[in-house]
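J.: input_16.csv (CSV, C-alpha atoms) pasted underneath:
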```csv
chain,number,residue,atom,x,y,z
A,22,GLY,CA,5.6,5.9,-13.5
A,23,THR,CA,5.4,9.6,-14.3
A,24,THR,CA,6.7,12.6,-12.4
A,25,LYS,CA,3.4,12.4,-10.4
A,26,ASP,CA,3.4,8.7,-9.4
A,27,PHE,CA,6.3,6.2,-8.9
A,28,ASP,CA,7.0,3.0,-7.0
A,29,LEU,CA,9.8,2.0,-4.7
A,30,SER,CA,10.6,-1.7,-5.4
A,31,LEU,CA,13.0,-4.1,-3.8
A,32,GLY,CA,15.1,-7.0,-5.1
A,33,GLN,CA,15.3,-8.8,-8.4
A,34,ASP,CA,11.7,-9.8,-8.3
A,35,LYS,CA,10.8,-6.0,-8.1
A,36,LYS,CA,8.6,-6.4,-5.1
A,37,LYS,CA,6.7,-3.2,-4.7
A,38,LEU,CA,7.1,-1.6,-1.3
A,39,PHE,CA,5.7,1.9,-1.7
A,40,ARG,CA,3.6,4.0,-4.1
A,41,ILE,CA,4.5,7.7,-4.1
A,42,HIS,CA,1.9,10.1,-5.4
A,43,ALA,CA,2.1,13.9,-5.9
A,44,THR,CA,-1.2,15.4,-4.7
A,45,ASP,CA,-0.9,18.8,-6.4
A,46,ALA,CA,0.4,20.2,-9.6
A,47,SER,CA,3.3,22.1,-7.9
A,48,HIS,CA,4.6,18.8,-6.5
A,49,SER,CA,4.9,20.2,-3.0
A,50,LYS,CA,2.7,17.5,-1.3
A,51,TRP,CA,3.5,13.8,-1.8
A,52,MET,CA,1.6,10.9,-0.2
A,53,LEU,CA,3.4,7.7,0.6
A,54,PHE,CA,1.3,4.5,0.3
A,55,SER,CA,2.4,1.0,1.4
A,56,TYR,CA,1.5,-2.0,-0.8
A,57,GLY,CA,-0.6,-4.5,1.2
A,58,LYS,CA,0.8,-3.5,4.6
A,59,PRO,CA,-1.4,-1.4,6.9
A,60,ALA,CA,0.4,1.3,9.0
A,61,PHE,CA,-1.8,0.7,12.0
A,62,ASP,CA,-4.4,-1.9,13.2
A,63,GLU,CA,-7.8,-1.8,11.5
A,64,GLN,CA,-6.6,0.5,8.7
A,65,VAL,CA,-8.6,0.3,5.6
A,66,ALA,CA,-7.0,0.4,2.1
A,67,ASP,CA,-7.3,3.8,0.3
A,68,HIS,CA,-8.8,3.2,-3.2
A,69,THR,CA,-8.7,6.8,-4.4
A,70,LEU,CA,-5.5,6.3,-6.5
A,71,ALA,CA,-6.9,3.1,-8.1
A,72,ALA,CA,-10.1,5.0,-9.0
A,73,SER,CA,-8.2,7.8,-10.7
A,74,ASN,CA,-5.7,5.4,-12.3
A,75,ASN,CA,-5.0,5.7,-16.0
A,76,ALA,CA,-2.5,4.1,-18.3
A,77,GLU,CA,0.0,6.9,-17.9
A,78,ALA,CA,0.0,6.8,-14.1
A,79,GLY,CA,1.5,3.4,-14.1
A,80,GLU,CA,0.6,-0.2,-13.4
A,81,LEU,CA,-1.9,-0.1,-10.6
A,82,ASN,CA,-3.9,-3.3,-10.5
A,83,ASP,CA,-7.4,-3.6,-9.0
A,84,GLY,CA,-6.0,-6.1,-6.5
A,85,ASP,CA,-3.3,-3.7,-5.2
A,86,ALA,CA,-4.3,-2.6,-1.7
A,87,LEU,CA,-2.7,0.8,-0.9
A,88,TYR,CA,-2.4,2.0,2.7
A,89,ARG,CA,-1.6,5.6,3.7
A,90,VAL,CA,1.7,5.8,5.5
A,91,ALA,CA,3.0,9.3,5.5
A,92,ARG,CA,2.9,12.7,3.7
A,93,VAL,CA,5.9,14.7,2.6
A,94,ASP,CA,5.5,18.4,2.2
A,95,ILE,CA,8.2,20.4,0.4
A,96,ALA,CA,8.2,24.1,0.9
A,97,TYR,CA,7.2,26.3,-2.0
A,98,ASP,CA,10.8,27.6,-2.3
A,99,LYS,CA,11.9,23.9,-2.5
A,100,HIS,CA,14.6,24.2,0.2
A,101,ALA,CA,13.0,22.5,3.1
A,102,GLY,CA,10.3,20.0,4.0
A,103,HIS,CA,8.9,17.7,6.5
A,104,VAL,CA,7.3,14.2,6.9
A,105,GLN,CA,4.1,13.5,8.8
A,106,LYS,CA,2.8,10.0,9.4
A,107,TYR,CA,-0.9,8.9,9.2
A,108,VAL,CA,-2.6,7.6,12.3
A,109,PRO,CA,-6.1,6.2,13.1
A,110,GLY,CA,-8.8,8.8,12.7
A,111,MET,CA,-12.2,9.2,14.3
A,112,ASP,CA,-14.1,9.6,11.0
A,113,ASP,CA,-11.6,8.2,8.5
A,114,ASN,CA,-10.3,4.6,9.0
A,115,ARG,CA,-7.9,5.1,6.0
A,116,GLY,CA,-5.8,7.3,8.3
A,117,VAL,CA,-5.4,11.0,9.1
A,118,LEU,CA,-2.3,13.1,9.5
A,119,GLU,CA,-0.9,13.0,13.1
A,120,PRO,CA,-2.6,15.8,15.0
A,121,LEU,CA,-1.2,18.6,17.2
A,122,GLU,CA,-0.2,17.4,20.6
A,123,GLY,CA,-0.7,19.5,23.8
A,124,ASP,CA,-0.1,23.2,23.5
A,125,ASP,CA,2.4,22.9,20.6
A,126,LEU,CA,1.8,25.2,17.7
A,127,GLU,CA,3.5,22.8,15.3
A,128,PRO,CA,2.3,19.4,14.1
A,129,LYS,CA,4.3,16.4,15.1
A,130,TYR,CA,6.8,15.8,12.4
A,131,LEU,CA,8.4,12.4,11.9
A,132,LEU,CA,11.3,13.9,10.0
A,133,LYS,CA,12.5,17.3,8.7
A,134,VAL,CA,14.6,17.7,5.6
A,135,GLU,CA,16.5,20.8,4.3
A,136,GLU,CA,18.8,21.6,1.5
A,137,ILE,CA,22.5,22.3,2.2
A,138,LYS,CA,23.5,25.3,0.0
A,139,SER,CA,26.0,23.9,-2.5
A,140,HIS,CA,26.6,23.7,-6.3
A,141,THR,CA,25.2,20.1,-6.2
A,142,ALA,CA,21.9,18.9,-4.7
A,143,GLN,CA,22.8,18.1,-1.0
A,144,TYR,CA,20.3,17.5,1.8
A,145,GLN,CA,20.2,16.7,5.5
A,146,SER,CA,17.5,15.3,7.7
A,147,TYR,CA,16.8,15.4,11.4
A,148,VAL,CA,14.1,14.2,13.9
A,149,PRO,CA,12.5,17.3,15.5
A,150,SER,CA,11.4,15.4,18.6
A,151,ALA,CA,15.1,14.5,19.2
A,152,THR,CA,16.0,18.2,19.4
A,153,PRO,CA,15.9,19.4,23.0
A,154,SER,CA,14.1,22.8,22.9
A,155,PRO,CA,15.9,24.6,25.8
A,156,ASN,CA,19.3,24.0,24.2
A,157,LEU,CA,19.9,26.9,21.8
A,158,ASP,CA,22.8,25.1,20.1
A,159,ALA,CA,20.5,22.1,19.3
A,160,VAL,CA,18.0,24.5,17.7
A,161,VAL,CA,20.7,26.2,15.6
A,162,HIS,CA,22.5,22.9,14.9
A,163,PRO,CA,19.9,20.0,15.1
A,164,LEU,CA,21.0,16.4,15.6
A,165,LEU,CA,21.3,15.0,12.1
A,166,VAL,CA,20.1,11.5,11.3
A,167,GLY,CA,21.1,11.6,7.7
A,168,PHE,CA,22.6,13.5,4.8
A,169,TRP,CA,23.0,12.8,1.1
A,170,VAL,CA,24.3,14.2,-2.1
A,171,TRP,CA,23.4,13.4,-5.7
A,172,GLU,CA,26.4,13.0,-8.1
A,173,HIS,CA,25.7,13.5,-11.7
A,174,SER,CA,28.0,12.7,-14.7
A,175,PRO,CA,27.3,11.8,-18.3
A,176,ASN,CA,27.7,8.1,-17.4
A,177,ARG,CA,26.3,7.9,-13.8
A,178,HIS,CA,23.4,9.3,-11.8
A,179,GLN,CA,23.9,8.1,-8.2
A,180,ILE,CA,23.3,9.1,-4.6
A,181,LYS,CA,25.7,9.0,-1.7
A,182,MET,CA,23.8,8.7,1.5
A,183,HIS,CA,25.0,8.6,5.1
A,184,LEU,CA,22.5,7.6,7.8
A,185,ALA,CA,22.6,7.2,11.6
A,186,ARG,CA,22.0,3.7,13.0
A,187,HIS,CA,18.4,2.6,13.2
A,188,THR,CA,17.3,5.2,10.7
A,189,ASP,CA,14.6,4.3,8.2
A,190,MET,CA,16.5,3.7,5.0
A,191,ALA,CA,13.4,3.3,2.8
A,192,LEU,CA,12.0,6.7,4.0
A,193,HIS,CA,15.3,8.4,3.3
A,194,CYS,CA,15.5,6.9,-0.2
A,195,LEU,CA,12.0,8.2,-1.0
A,196,LEU,CA,13.0,11.6,0.4
A,197,ALA,CA,16.1,11.6,-1.7
A,198,ILE,CA,14.1,10.8,-4.9
A,199,ILE,CA,11.4,13.4,-4.1
A,200,THR,CA,13.8,16.2,-3.2
A,201,ASN,CA,15.9,15.5,-6.3
A,202,GLN,CA,12.9,15.5,-8.5
A,203,VAL,CA,11.7,18.8,-7.1
A,204,TYR,CA,15.2,20.2,-7.2
A,205,VAL,CA,15.6,19.3,-10.9
A,206,GLU,CA,12.1,20.7,-11.7
A,207,ASN,CA,12.9,23.9,-9.9
A,208,GLN,CA,16.2,24.3,-11.9
A,209,THR,CA,14.3,23.7,-15.1
A,210,LYS,CA,11.8,26.4,-14.2
A,211,THR,CA,14.5,28.9,-13.4
A,212,GLU,CA,16.2,28.3,-16.8
A,213,GLU,CA,13.1,29.0,-18.8
```
As structure tokens, what does this structure read like?
T.:
Amino acid sequence: GTTKDFDLSLGQDKKKLFRIHATDASHSKWMLFSYGKPAFDEQVADHTLAASNNAEAGELNDGDALYRVARVDIAYDKHAGHVQKYVPGMDDNRGVLEPLEGDDLEPKYLLKVEEIKSHTAQYQSYVPSATPSPNLDAVVHPLLVGFWVWEHSPNRHQIKMHLARHTDMALHCLLAIITNQVYVENQTKTEE
């Protein structure tokens, strides 16, 4: 793919699990699509990517059914972001972002991610709903579900990831790729 579209594949047969698509030129909003697997009952495939597909965007076939799963938003300063999942919508059976609940001023986030200040790209993630609001210590130091660091050398480009049990590994792999890509692009822009 390109810096705008890429796939997450699994195994030797390269079975495609997810298509990741940057929705804007600044790469601050990314949509995650599932190949052939609806995120909820009666979800309809989203054909907007296939309609705008070109040879450079990478290997989308007419038979590929893509379903909206989540959207990743990376803050403009590139140091924090969040993940929202798609749920059934009244007017859009492809899915809409999960709405506000109750009197909360903040949308319901599936996961939040932020950069750890370091000389290498390091990130941590936490589930906002698992953070008890009356506990000030939990607000200052949220309960982490994962952290990762990218290690670069002339011979190797790898990630070391540590996740809590029952944490979505595929989602964290996608977050690691997106945050690293945005981090590298941000470093390139500051060097110009």
J.: Hey, what's within 8 Å of stretch 195-201 of chain A if we count all atoms listed in the file and toss same-chain stuff fewer than 2 positions away? As a list in words, please?
T.: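 Residues meeting the cut-off are Leu29, Ile95, Lys99, Ala142, Trp169, Trp171, Ala191, Leu192, His193, Val203, Tyr204 and Val205 of chain A.
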J.: Around (15.6, 20.0, 4.6), as given in the file, which residues come within 8 Å? Count all atoms listed in the file and list them as a list in words.
T.: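 Residues found, by chain and rising number: His100, Ala101, Gly102, His103, Lys133, Val134, Glu135, Glu136, Ile137, Tyr144, Gln145 and Ser146 of chain A.
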J.: What gap, in Å, lies between atom CA of A:Val148 and atom CA of A:His48?
T.: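 Between these atoms lies a distance of 23.0 Å.
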J.: Which is closest to A:Val108 among A:Met52, A:Met190, A:Met182, A:Ala60, if we use only C-alpha atoms?
T.: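 The closest residue to A:Val108 is A:Ala60.
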J.: Just to confirm, what's the straight-line distance from atom CA of A:Ser139 to atom CA of A:Ile180 in Å (one decimal)?
T.: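 Pair atom CA of A:Ser139 / atom CA of A:Ile180 returns 15.2 Å.
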J.: What is the distance, in Å and to one decimal place, between atom CA of A:Ser55 and atom CA of A:Leu38?
T.: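 It comes out at 6.0 Å.
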J.: Need to verify the contact set: A:Tyr147, 8 Å, only C-alpha atoms, exclusion of same-chain residues closer than 3 positions in sequence. Can you return it as a ChimeraX atom specification?
T.: /A:132-134,163-167
